[in-house]
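Note: the block below is input-v4.cif and it holds mmCIF, C-alpha atoms.
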```
data_model
#
loop_
_atom_site.group_PDB
_atom_site.id
_atom_site.type_symbol
_atom_site.label_atom_id
_atom_site.label_comp_id
_atom_site.auth_asym_id
_atom_site.auth_seq_id
_atom_site.Cartn_x
_atom_site.Cartn_y
_atom_site.Cartn_z
ATOM 1 C CA MET A 1 -110.471 -152.626 74.666
ATOM 2 C CA GLY A 2 -114.216 -153.157 74.093
ATOM 3 C CA VAL A 3 -116.817 -152.808 76.809
ATOM 4 C CA PHE A 4 -117.628 -156.521 76.711
ATOM 5 C CA THR A 5 -113.964 -157.547 76.997
ATOM 6 C CA HIS A 6 -113.511 -155.161 79.900
ATOM 7 C CA PHE A 7 -116.573 -156.625 81.619
ATOM 8 C CA VAL A 8 -115.287 -160.172 81.156
ATOM 9 C CA ARG A 9 -111.886 -159.278 82.614
ATOM 10 C CA GLU A 10 -113.460 -157.596 85.629
ATOM 11 C CA ALA A 11 -115.746 -160.575 86.184
ATOM 12 C CA GLN A 12 -112.779 -162.970 85.987
ATOM 13 C CA PHE A 13 -110.847 -160.897 88.518
ATOM 14 C CA SER A 14 -113.827 -160.754 90.889
ATOM 15 C CA TRP A 15 -114.270 -164.531 90.693
ATOM 16 C CA THR A 16 -110.561 -165.132 91.264
ATOM 17 C CA PHE A 17 -110.554 -162.797 94.248
ATOM 18 C CA ALA A 18 -113.582 -164.576 95.709
ATOM 19 C CA ARG A 19 -111.819 -167.932 95.387
ATOM 20 C CA HIS A 20 -108.836 -166.462 97.227
ATOM 21 C CA LEU A 21 -111.014 -165.567 100.193
ATOM 22 C CA PHE A 22 -112.206 -169.094 100.888
ATOM 23 C CA PRO A 23 -110.003 -171.642 99.105
ATOM 24 C CA GLY A 24 -110.643 -174.539 101.470
ATOM 25 C CA LYS A 25 -108.070 -176.785 103.087
ATOM 26 C CA PRO A 26 -105.168 -178.054 100.983
ATOM 27 C CA SER A 27 -105.371 -181.590 99.666
ATOM 28 C CA TRP A 28 -101.608 -181.659 98.984
ATOM 29 C CA THR A 29 -98.870 -180.749 101.462
ATOM 30 C CA ALA A 30 -95.090 -180.926 101.661
ATOM 31 C CA ASP A 31 -95.463 -184.364 103.245
ATOM 32 C CA HIS A 32 -96.381 -185.680 99.799
ATOM 33 C CA LEU A 33 -92.951 -184.783 98.394
ATOM 34 C CA PRO A 34 -90.517 -187.644 97.711
ATOM 35 C CA ASP A 35 -87.073 -187.764 99.270
ATOM 36 C CA LEU A 36 -84.990 -184.897 97.847
ATOM 37 C CA SER A 37 -81.588 -185.846 99.247
ATOM 38 C CA SER A 38 -79.979 -185.722 95.780
ATOM 39 C CA LYS A 39 -81.443 -182.315 94.879
ATOM 40 C CA VAL A 40 -80.088 -178.751 95.118
ATOM 41 C CA PHE A 41 -82.319 -175.680 95.356
ATOM 42 C CA VAL A 42 -81.928 -171.914 95.548
ATOM 43 C CA VAL A 43 -84.759 -169.935 97.172
ATOM 44 C CA THR A 44 -84.533 -166.150 96.963
ATOM 45 C CA GLY A 45 -85.879 -164.425 100.052
ATOM 46 C CA GLY A 46 -85.910 -167.782 101.795
ATOM 47 C CA ASN A 47 -85.282 -166.351 105.244
ATOM 48 C CA THR A 48 -88.812 -165.086 105.830
ATOM 49 C CA GLY A 49 -92.465 -165.563 104.933
ATOM 50 C CA ILE A 50 -93.429 -167.862 102.066
ATOM 51 C CA GLY A 51 -89.777 -168.340 101.146
ATOM 52 C CA ARG A 52 -88.939 -169.606 104.625
ATOM 53 C CA GLY A 53 -91.885 -171.987 104.488
ATOM 54 C CA THR A 54 -90.607 -173.244 101.141
ATOM 55 C CA VAL A 55 -87.093 -173.781 102.481
ATOM 56 C CA ARG A 56 -88.503 -175.603 105.507
ATOM 57 C CA GLY A 57 -90.506 -177.970 103.315
ATOM 58 C CA LEU A 58 -87.463 -178.759 101.165
ATOM 59 C CA LEU A 59 -85.201 -179.325 104.165
ATOM 60 C CA LEU A 60 -87.690 -181.725 105.733
ATOM 61 C CA LYS A 61 -87.280 -183.836 102.596
ATOM 62 C CA ASN A 62 -83.460 -183.709 102.864
ATOM 63 C CA ALA A 63 -82.773 -181.294 99.997
ATOM 64 C CA LYS A 64 -79.688 -179.090 99.891
ATOM 65 C CA VAL A 65 -81.048 -175.542 100.012
ATOM 66 C CA TYR A 66 -79.406 -172.149 99.545
ATOM 67 C CA ILE A 67 -81.175 -169.121 100.976
ATOM 68 C CA ALA A 68 -80.334 -166.219 98.639
ATOM 69 C CA ALA A 69 -80.927 -162.901 100.386
ATOM 70 C CA ARG A 70 -79.353 -159.562 101.216
ATOM 71 C CA SER A 71 -79.028 -159.613 105.024
ATOM 72 C CA LYS A 72 -76.534 -162.139 106.363
ATOM 73 C CA ASP A 73 -77.709 -161.622 109.945
ATOM 74 C CA ARG A 74 -81.364 -162.276 109.072
ATOM 75 C CA VAL A 75 -80.490 -165.351 107.051
ATOM 76 C CA GLU A 76 -78.237 -166.792 109.752
ATOM 77 C CA HIS A 77 -81.041 -166.312 112.272
ATOM 78 C CA ALA A 78 -83.425 -168.164 109.952
ATOM 79 C CA ILE A 79 -80.869 -170.927 109.369
ATOM 80 C CA THR A 80 -80.561 -171.461 113.123
ATOM 81 C CA GLU A 81 -84.338 -171.670 113.565
ATOM 82 C CA LEU A 82 -84.729 -173.995 110.585
ATOM 83 C CA ARG A 83 -81.996 -176.274 111.908
ATOM 84 C CA GLU A 84 -83.928 -176.620 115.163
ATOM 85 C CA GLU A 85 -87.167 -177.307 113.272
ATOM 86 C CA THR A 86 -85.882 -179.709 110.616
ATOM 87 C CA GLY A 87 -82.527 -181.048 111.769
ATOM 88 C CA ARG A 88 -81.087 -179.859 108.449
ATOM 89 C CA GLU A 89 -78.753 -176.943 107.650
ATOM 90 C CA ALA A 90 -79.637 -174.421 104.953
ATOM 91 C CA LEU A 91 -76.830 -172.429 103.314
ATOM 92 C CA PHE A 92 -76.445 -168.676 102.793
ATOM 93 C CA LEU A 93 -75.941 -167.060 99.383
ATOM 94 C CA GLN A 94 -75.411 -163.293 99.434
ATOM 95 C CA LEU A 95 -77.811 -161.657 96.986
ATOM 96 C CA ASP A 96 -79.188 -158.145 96.544
ATOM 97 C CA LEU A 97 -81.775 -158.229 93.758
ATOM 98 C CA GLY A 98 -81.738 -154.438 93.673
ATOM 99 C CA ASP A 99 -78.166 -154.411 92.375
ATOM 100 C CA LEU A 100 -77.362 -156.365 89.213
ATOM 101 C CA SER A 101 -73.665 -156.505 90.093
ATOM 102 C CA SER A 102 -74.660 -158.350 93.280
ATOM 103 C CA VAL A 103 -76.798 -160.727 91.226
ATOM 104 C CA LYS A 104 -73.821 -161.528 88.984
ATOM 105 C CA LYS A 105 -71.582 -162.052 91.998
ATOM 106 C CA ALA A 106 -74.109 -164.379 93.621
ATOM 107 C CA ALA A 107 -74.398 -166.468 90.455
ATOM 108 C CA GLU A 108 -70.618 -166.734 90.164
ATOM 109 C CA GLU A 109 -70.297 -167.764 93.802
ATOM 110 C CA PHE A 110 -72.979 -170.406 93.434
ATOM 111 C CA LYS A 111 -71.298 -171.859 90.344
ATOM 112 C CA GLN A 112 -68.048 -172.115 92.262
ATOM 113 C CA ARG A 113 -69.782 -174.036 95.040
ATOM 114 C CA GLU A 114 -72.154 -176.222 93.007
ATOM 115 C CA SER A 115 -72.269 -177.950 89.620
ATOM 116 C CA GLN A 116 -75.944 -178.839 90.010
ATOM 117 C CA LEU A 117 -79.201 -176.900 90.378
ATOM 118 C CA ASP A 118 -82.530 -178.719 90.368
ATOM 119 C CA GLY A 119 -84.797 -175.876 91.400
ATOM 120 C CA LEU A 120 -84.525 -172.083 91.295
ATOM 121 C CA ILE A 121 -87.416 -170.605 93.259
ATOM 122 C CA LEU A 122 -87.695 -166.875 92.539
ATOM 123 C CA ASN A 123 -89.618 -166.023 95.674
ATOM 124 C CA ALA A 124 -88.275 -162.687 96.973
ATOM 125 C CA GLY A 125 -90.212 -159.509 96.370
ATOM 126 C CA VAL A 126 -91.132 -156.058 97.591
ATOM 127 C CA LEU A 127 -94.598 -154.575 97.932
ATOM 128 C CA TYR A 128 -95.267 -150.826 97.780
ATOM 129 C CA PRO A 129 -91.822 -149.470 98.757
ATOM 130 C CA SER A 130 -91.161 -145.745 98.983
ATOM 131 C CA LYS A 131 -92.118 -143.841 95.848
ATOM 132 C CA ASP A 132 -88.528 -142.641 95.545
ATOM 133 C CA ALA A 133 -86.980 -146.102 95.853
ATOM 134 C CA LEU A 134 -84.801 -147.088 92.893
ATOM 135 C CA THR A 135 -82.394 -149.951 92.301
ATOM 136 C CA ALA A 136 -78.645 -149.430 91.893
ATOM 137 C CA GLN A 137 -79.151 -149.386 88.109
ATOM 138 C CA GLY A 138 -82.031 -146.895 88.257
ATOM 139 C CA TYR A 139 -85.036 -149.152 87.895
ATOM 140 C CA ASP A 140 -88.164 -148.646 89.964
ATOM 141 C CA ALA A 141 -87.577 -150.736 93.108
ATOM 142 C CA THR A 142 -90.670 -152.886 92.621
ATOM 143 C CA ILE A 143 -89.829 -153.731 89.019
ATOM 144 C CA GLY A 144 -86.094 -153.978 89.704
ATOM 145 C CA VAL A 145 -86.387 -156.457 92.557
ATOM 146 C CA ASN A 146 -89.456 -158.451 91.545
ATOM 147 C CA VAL A 147 -88.625 -158.720 87.855
ATOM 148 C CA VAL A 148 -85.241 -157.486 86.577
ATOM 149 C CA GLY A 149 -83.040 -158.971 89.305
ATOM 150 C CA HIS A 150 -84.762 -162.332 89.099
ATOM 151 C CA PHE A 151 -84.603 -162.347 85.301
ATOM 152 C CA LEU A 152 -80.821 -161.876 85.370
ATOM 153 C CA LEU A 153 -80.358 -164.491 88.101
ATOM 154 C CA HIS A 154 -82.235 -167.171 86.195
ATOM 155 C CA ARG A 155 -80.317 -166.431 83.002
ATOM 156 C CA LEU A 156 -76.968 -166.695 84.759
ATOM 157 C CA LEU A 157 -77.893 -169.992 86.444
ATOM 158 C CA TYR A 158 -79.780 -171.525 83.535
ATOM 159 C CA SER A 159 -76.821 -173.596 82.337
ATOM 160 C CA LEU A 160 -76.802 -175.460 85.656
ATOM 161 C CA LEU A 161 -80.564 -175.956 85.526
ATOM 162 C CA SER A 162 -80.432 -177.387 82.019
ATOM 163 C CA ALA A 163 -77.476 -179.643 82.868
ATOM 164 C CA SER A 164 -79.294 -181.002 85.925
ATOM 165 C CA GLY A 165 -82.491 -181.438 83.930
ATOM 166 C CA ARG A 166 -80.768 -183.492 81.249
ATOM 167 C CA GLU A 167 -78.975 -185.697 83.775
ATOM 168 C CA SER A 168 -81.913 -186.539 86.040
ATOM 169 C CA ASP A 169 -85.476 -185.382 86.636
ATOM 170 C CA THR A 170 -86.863 -182.184 85.129
ATOM 171 C CA SER A 171 -85.404 -179.128 86.852
ATOM 172 C CA ARG A 172 -87.628 -176.134 87.589
ATOM 173 C CA VAL A 173 -87.680 -172.344 87.500
ATOM 174 C CA ILE A 174 -90.472 -171.118 89.778
ATOM 175 C CA TRP A 175 -91.699 -167.529 89.529
ATOM 176 C CA LEU A 176 -93.829 -166.211 92.395
ATOM 177 C CA SER A 177 -96.796 -164.323 91.032
ATOM 178 C CA SER A 178 -99.925 -163.061 92.806
ATOM 179 C CA ILE A 179 -103.636 -162.490 92.468
ATOM 180 C CA ALA A 180 -102.532 -158.966 91.498
ATOM 181 C CA SER A 181 -101.367 -160.320 88.123
ATOM 182 C CA TYR A 182 -104.988 -160.813 87.046
ATOM 183 C CA LYS A 183 -105.764 -157.092 87.175
ATOM 184 C CA PRO A 184 -103.539 -155.061 84.753
ATOM 185 C CA HIS A 185 -104.313 -155.205 81.047
ATOM 186 C CA SER A 186 -100.828 -154.186 79.876
ATOM 187 C CA LEU A 187 -97.368 -153.123 81.012
ATOM 188 C CA THR A 188 -96.421 -149.444 81.189
ATOM 189 C CA TYR A 189 -92.731 -149.702 80.355
ATOM 190 C CA GLU A 190 -92.155 -145.950 80.653
ATOM 191 C CA THR A 191 -92.748 -146.205 84.416
ATOM 192 C CA PHE A 192 -90.036 -148.805 84.996
ATOM 193 C CA ARG A 193 -87.340 -146.099 85.202
ATOM 194 C CA GLU A 194 -87.332 -142.591 86.648
ATOM 195 C CA GLY A 195 -89.246 -140.068 84.573
ATOM 196 C CA PRO A 196 -92.498 -138.101 84.356
ATOM 197 C CA GLU A 197 -94.618 -141.210 83.761
ATOM 198 C CA ARG A 198 -93.295 -142.973 86.853
ATOM 199 C CA GLN A 199 -94.309 -140.083 89.116
ATOM 200 C CA HIS A 200 -97.948 -140.576 88.205
ATOM 201 C CA VAL A 201 -98.233 -144.361 88.409
ATOM 202 C CA ASP A 202 -100.014 -145.879 91.392
ATOM 203 C CA SER A 203 -97.880 -148.117 93.643
ATOM 204 C CA ILE A 204 -100.545 -150.799 93.623
ATOM 205 C CA GLU A 205 -100.578 -150.779 89.830
ATOM 206 C CA MET A 206 -96.775 -151.008 89.740
ATOM 207 C CA TYR A 207 -96.820 -154.102 91.953
ATOM 208 C CA ALA A 208 -99.548 -155.667 89.811
ATOM 209 C CA GLU A 209 -97.573 -154.974 86.639
ATOM 210 C CA SER A 210 -94.483 -156.561 88.180
ATOM 211 C CA LYS A 211 -96.483 -159.753 88.715
ATOM 212 C CA VAL A 212 -97.835 -159.664 85.168
ATOM 213 C CA ALA A 213 -94.236 -159.355 83.969
ATOM 214 C CA VAL A 214 -93.280 -162.380 86.054
ATOM 215 C CA VAL A 215 -95.988 -164.487 84.402
ATOM 216 C CA MET A 216 -94.915 -163.219 80.973
ATOM 217 C CA LEU A 217 -91.286 -164.178 81.593
ATOM 218 C CA SER A 218 -92.274 -167.596 82.885
ATOM 219 C CA THR A 219 -94.465 -168.210 79.851
ATOM 220 C CA TYR A 220 -91.783 -167.004 77.441
ATOM 221 C CA LEU A 221 -89.137 -169.262 78.993
ATOM 222 C CA ALA A 222 -91.511 -172.221 78.865
ATOM 223 C CA LYS A 223 -91.546 -172.081 75.057
ATOM 224 C CA THR A 224 -87.925 -173.249 74.834
ATOM 225 C CA CYS A 225 -86.867 -174.697 78.187
ATOM 226 C CA VAL A 226 -88.723 -177.988 77.751
ATOM 227 C CA GLU A 227 -86.064 -179.129 75.272
ATOM 228 C CA ASP A 228 -83.531 -178.815 78.115
ATOM 229 C CA ASN A 229 -85.773 -180.840 80.447
ATOM 230 C CA VAL A 230 -86.554 -177.680 82.425
ATOM 231 C CA SER A 231 -90.016 -176.490 83.452
ATOM 232 C CA SER A 232 -90.882 -172.819 83.955
ATOM 233 C CA ILE A 233 -93.897 -172.279 86.199
ATOM 234 C CA ALA A 234 -95.540 -169.239 87.763
ATOM 235 C CA VAL A 235 -97.256 -169.852 91.101
ATOM 236 C CA ASP A 236 -100.019 -168.037 92.923
ATOM 237 C CA PRO A 237 -99.400 -168.440 96.685
ATOM 238 C CA GLY A 238 -102.733 -167.001 97.819
ATOM 239 C CA ASN A 239 -103.503 -164.497 100.592
ATOM 240 C CA ILE A 240 -100.757 -165.171 103.085
ATOM 241 C CA LYS A 241 -99.599 -163.669 106.389
ATOM 242 C CA SER A 242 -96.223 -162.527 105.135
ATOM 243 C CA GLU A 243 -93.571 -159.952 105.959
ATOM 244 C CA ILE A 244 -93.753 -158.599 102.404
ATOM 245 C CA TYR A 245 -95.951 -155.827 103.817
ATOM 246 C CA ARG A 246 -93.108 -154.489 105.974
ATOM 247 C CA SER A 247 -92.162 -151.871 103.331
ATOM 248 C CA SER A 248 -95.764 -150.830 102.729
ATOM 249 C CA PRO A 249 -97.441 -147.570 103.825
ATOM 250 C CA TRP A 250 -99.005 -147.499 107.286
ATOM 251 C CA TYR A 251 -102.565 -147.488 105.938
ATOM 252 C CA LEU A 252 -101.997 -150.729 104.011
ATOM 253 C CA LYS A 253 -100.495 -152.388 107.078
ATOM 254 C CA LEU A 254 -103.557 -151.250 109.053
ATOM 255 C CA TRP A 255 -105.853 -152.714 106.383
ATOM 256 C CA VAL A 256 -103.995 -156.042 106.427
ATOM 257 C CA SER A 257 -104.146 -156.135 110.217
ATOM 258 C CA ALA A 258 -107.869 -155.353 110.265
ATOM 259 C CA LEU A 259 -108.686 -158.167 107.824
ATOM 260 C CA ASP A 260 -106.262 -160.658 109.358
ATOM 261 C CA TRP A 261 -109.063 -162.691 110.914
ATOM 262 C CA LEU A 262 -110.921 -163.048 107.631
ATOM 263 C CA TYR A 263 -108.694 -164.566 104.985
ATOM 264 C CA TRP A 264 -104.960 -164.260 105.608
ATOM 265 C CA TYR A 265 -103.535 -167.754 105.711
ATOM 266 C CA PRO A 266 -100.301 -169.086 107.286
ATOM 267 C CA VAL A 267 -97.038 -169.200 105.342
ATOM 268 C CA GLU A 268 -97.183 -173.002 105.329
ATOM 269 C CA TYR A 269 -100.148 -172.715 102.970
ATOM 270 C CA GLY A 270 -98.371 -170.102 100.873
ATOM 271 C CA ALA A 271 -95.403 -172.409 100.353
ATOM 272 C CA ILE A 272 -97.536 -175.274 99.046
ATOM 273 C CA SER A 273 -97.745 -173.985 95.453
ATOM 274 C CA SER A 274 -93.975 -173.385 95.290
ATOM 275 C CA LEU A 275 -93.205 -176.817 96.717
ATOM 276 C CA TYR A 276 -95.651 -178.596 94.420
ATOM 277 C CA ALA A 277 -94.485 -176.814 91.260
ATOM 278 C CA GLY A 278 -90.829 -176.812 92.274
ATOM 279 C CA ALA A 279 -90.255 -180.289 93.663
ATOM 280 C CA ALA A 280 -93.210 -182.655 93.186
ATOM 281 C CA PRO A 281 -92.672 -185.068 90.247
ATOM 282 C CA GLU A 282 -96.099 -184.224 88.826
ATOM 283 C CA GLY A 283 -95.405 -180.491 89.148
ATOM 284 C CA ALA A 284 -93.101 -180.598 86.113
ATOM 285 C CA GLY A 285 -96.191 -180.942 83.938
ATOM 286 C CA CYS A 286 -97.168 -177.370 84.742
ATOM 287 C CA ASN A 287 -94.561 -175.945 82.364
ATOM 288 C CA GLY A 288 -95.808 -172.659 80.913
ATOM 289 C CA LYS A 289 -98.782 -172.501 83.243
ATOM 290 C CA VAL A 290 -99.779 -170.914 86.545
ATOM 291 C CA SER A 291 -99.974 -173.249 89.518
ATOM 292 C CA ALA A 292 -102.995 -172.268 91.583
ATOM 293 C CA MET A 293 -102.987 -171.706 95.331
ATOM 294 C CA TRP A 294 -103.587 -174.862 97.418
ATOM 295 C CA PRO A 295 -106.957 -175.919 95.940
ATOM 296 C CA ARG A 296 -108.682 -179.052 97.151
ATOM 297 C CA SER A 297 -107.229 -180.791 94.103
ATOM 298 C CA PHE A 298 -104.208 -179.177 92.474
ATOM 299 C CA ALA A 299 -104.568 -177.638 89.043
ATOM 300 C CA CYS A 300 -102.415 -175.621 86.678
ATOM 301 C CA PHE A 301 -103.940 -173.009 84.399
ATOM 302 C CA ARG A 302 -102.619 -171.682 81.104
ATOM 303 C CA ALA A 303 -101.317 -168.152 81.602
ATOM 304 C CA SER A 304 -103.572 -165.534 80.038
ATOM 305 C CA VAL A 305 -100.903 -163.012 78.997
#
```

Entire entry expressed as structure tokens:
Amino acid sequence: MGVFTHFVREAQFSWTFARHLFPGKPSWTADHLPDLSSKVFVVTGGNTGIGRGTVRGLLLKNAKVYIAARSKDRVEHAITELREETGREALFLQLDLGDLSSVKKAAEEFKQRESQLDGLILNAGVLYPSKDALTAQGYDATIGVNVVGHFLLHRLLYSLLSASGRESDTSRVIWLSSIASYKPHSLTYETFREGPERQHVDSIEMYAESKVAVVMLSTYLAKTCVEDNVSSIAVDPGNIKSEIYRSSPWYLKLWVSALDWLYWYPVEYGAISSLYAGAAPEGAGCNGKVSAMWPRSFACFRASV
């Protein structure tokens, strides 16, 4: 990479980060969504953080929503709270993204329960887990959960998405990305599984690469899914007060806490991009692009991967 190209990339990242600090108030909210009473959605990690905010927004518009997550107790607690807040009942789908056999089982269970899927929102993720954390199939936990598990889930459920897209409005696959995706210049595939290279990779870099991979997968799918009346969109939720930091080292949690007053926004704001891209009629036009975090006027940008 040349010096000039490197400078341009660093300047772009700095500008993007600055916009994340002070994005302004959203001009579009979940209230702008149409009635979704005929729609079915799956939201991974929908029991907490941005995912919970996304589920809440969909329920308020009468959608049928499955919360796909690992902990039944945590999901049932969220379902109870959401029922009190929205008057609507979300449904539980057992899913462990760190175990591909669990992903297959979840997809099979969903297909037995539903013949329709209008939106698959791949929201769940981990941030800076233990260095030794691996998935059941031996992938690095960050890559395994954020990328590999979600990739398999969307492939197994794609037939329902395409069928729903052909029968009614465009169905959606939404991939949660991050500002971190703007930073890496490439993917280091050797670090995705246990080995000498993985021991030397920085956890922050691994998370960033997982988000680059998410944008790459979304962009790749977008090349063919339009013929099935499906849109594939990556979304940038912004700097959000989220429980994703619960698996992070103590010093990162301290940093997040110290800067809380400056630019960490509520989960309701974080859910806006997912709701717009995943359920708004105009959001379907973002196929193959990245939906930006709640700007004053919504915009989708072509992915630079």

For this file, the PyMOL selection byres ((chain A and resi 35) around 12) selects which residues, as an MDAnalysis selection string?
chainID A and resid 30:34 36:39 57:64 279:281

Measuring between only C-alpha atoms, which one of A:Gly238, A:Gly144, A:Pro266, A:Gly288 shows the shortest distance to Thr224 in chain A?
A:Gly288

Could you state which residues are captured by the PyMOL selection byres ((chain A and resi 90) around 12) in this file, as JSON, numbers by chain?
{"A": [40, 41, 42, 43, 46, 47, 52, 54, 55, 56, 57, 58, 59, 60, 62, 63, 64, 65, 66, 67, 68, 75, 76, 77, 78, 79, 80, 81, 82, 83, 84, 85, 86, 87, 88, 89, 91, 92, 93]}

Take the PyMOL selection byres ((chain A and resi 111) around 12), apply it to the structure above, and return the hits as a list in words.
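Written out, the selection comes to Val42, Leu93, Lys104, Lys105, Ala106, Ala107, Glu108, Glu109, Phe110, Gln112, Arg113, Glu114, Ser115, Gln116, Leu117, Leu153, Leu156, Leu157, Tyr158, Ser159, Leu160 and Leu161 of chain A.
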
Pick out the closest residue to Tyr276 in chain A from this set: A:Ile174, A:Leu134, A:Ala141, A:Val230. Count all atoms listed in the file.
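Checking each candidate against Tyr276 in chain A, we get A:Ile174 as the closest.
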
Need to verify the contact set: range 185-191 of chain A, 8 Å, only C-alpha atoms, exclusion of same-chain residues closer than 2 positions in sequence. Can you return it as an mmCIF file with C-alpha atoms, keeping the file's coordinate frame?
```
data_model
loop_
_atom_site.group_PDB
_atom_site.id
_atom_site.type_symbol
_atom_site.label_atom_id
_atom_site.label_comp_id
_atom_site.auth_asym_id
_atom_site.auth_seq_id
_atom_site.Cartn_x
_atom_site.Cartn_y
_atom_site.Cartn_z
ATOM 1 C CA ASP A 140 -88.164 -148.646 89.964
ATOM 2 C CA LYS A 183 -105.764 -157.092 87.175
ATOM 3 C CA ARG A 193 -87.340 -146.099 85.202
ATOM 4 C CA GLU A 194 -87.332 -142.591 86.648
ATOM 5 C CA GLY A 195 -89.246 -140.068 84.573
ATOM 6 C CA GLU A 197 -94.618 -141.210 83.761
ATOM 7 C CA ARG A 198 -93.295 -142.973 86.853
ATOM 8 C CA GLN A 199 -94.309 -140.083 89.116
ATOM 9 C CA VAL A 201 -98.233 -144.361 88.409
ATOM 10 C CA GLU A 209 -97.573 -154.974 86.639
ATOM 11 C CA VAL A 212 -97.835 -159.664 85.168
ATOM 12 C CA ALA A 213 -94.236 -159.355 83.969
#
```

In Å, with one decimal, what is the gap from CA of Lys223 in chain A to CA of Leu122 in chain A?
18.6 Å

Just to confirm, what's the straight-line distance from CA of Ala124 in chain A to CA of Val173 in chain A in Å (one decimal)?
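Value for the CA of Ala124 in chain A-CA of Val173 in chain A distance: 13.5 Å.
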
re CA of Ser231 in chain A and CA of Ser162 in chain A: distance 9.7 Å

Considering all atoms listed in the file, state which residue in the set A:Asp96, A:Asp228, A:Glu268, A:Asp73 is at the smallest distance from Thr170 in chain A.
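That would be A:Asp228, the residue with the smallest distance to Thr170 in chain A.
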
Considering all atoms listed in the file, return as a PDB file with C-alpha atoms, in the frame of the given file whatever protein or nucleic-acid residues lie within 8 Å of Cys286 in chain A, sequence-local ones (same chain, fewer than 6 positions apart) excluded.
```
ATOM      1  CA  SER A 231     -90.016-176.490  83.452  1.00  0.00           C
ATOM      2  CA  SER A 232     -90.882-172.819  83.955  1.00  0.00           C
ATOM      3  CA  ILE A 233     -93.897-172.279  86.199  1.00  0.00           C
ATOM      4  CA  ALA A 277     -94.485-176.814  91.260  1.00  0.00           C
ATOM      5  CA  CYS A 300    -102.415-175.621  86.678  1.00  0.00           C
TER       6      CYS A 300
END
```

Adding 3 Å on each side of the box along x, y and z that holds all listed atoms of range 87-106 of chain A, could you give its centre and edge lengths in Å to one decimal, as lines of an AutoDock Vina configuration file?
```
center_x = -77.1
center_y = -167.7
center_z = 100.4
size_x = 16.9
size_y = 32.6
size_z = 28.8
```

Pick out the closest residue to Ala271 in chain A from this set: A:Ser210, A:Val103, A:Trp28, A:Thr135. Count all atoms listed in the file.
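Closest to Ala271 in chain A of all the choices is A:Trp28.
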
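Between Ser218 in chain A and the residues A:Val290, A:Leu100, A:Val267, A:Leu275, the shortest atom-to-atom distance, using only C-alpha atoms, involves A:Val290.
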
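Restricting the calculation to all atoms listed in the file, the smallest distance between Tyr269 in chain A and any of A:Thr44, A:Lys72, A:Gly51, A:Ser171 is found for A:Gly51.
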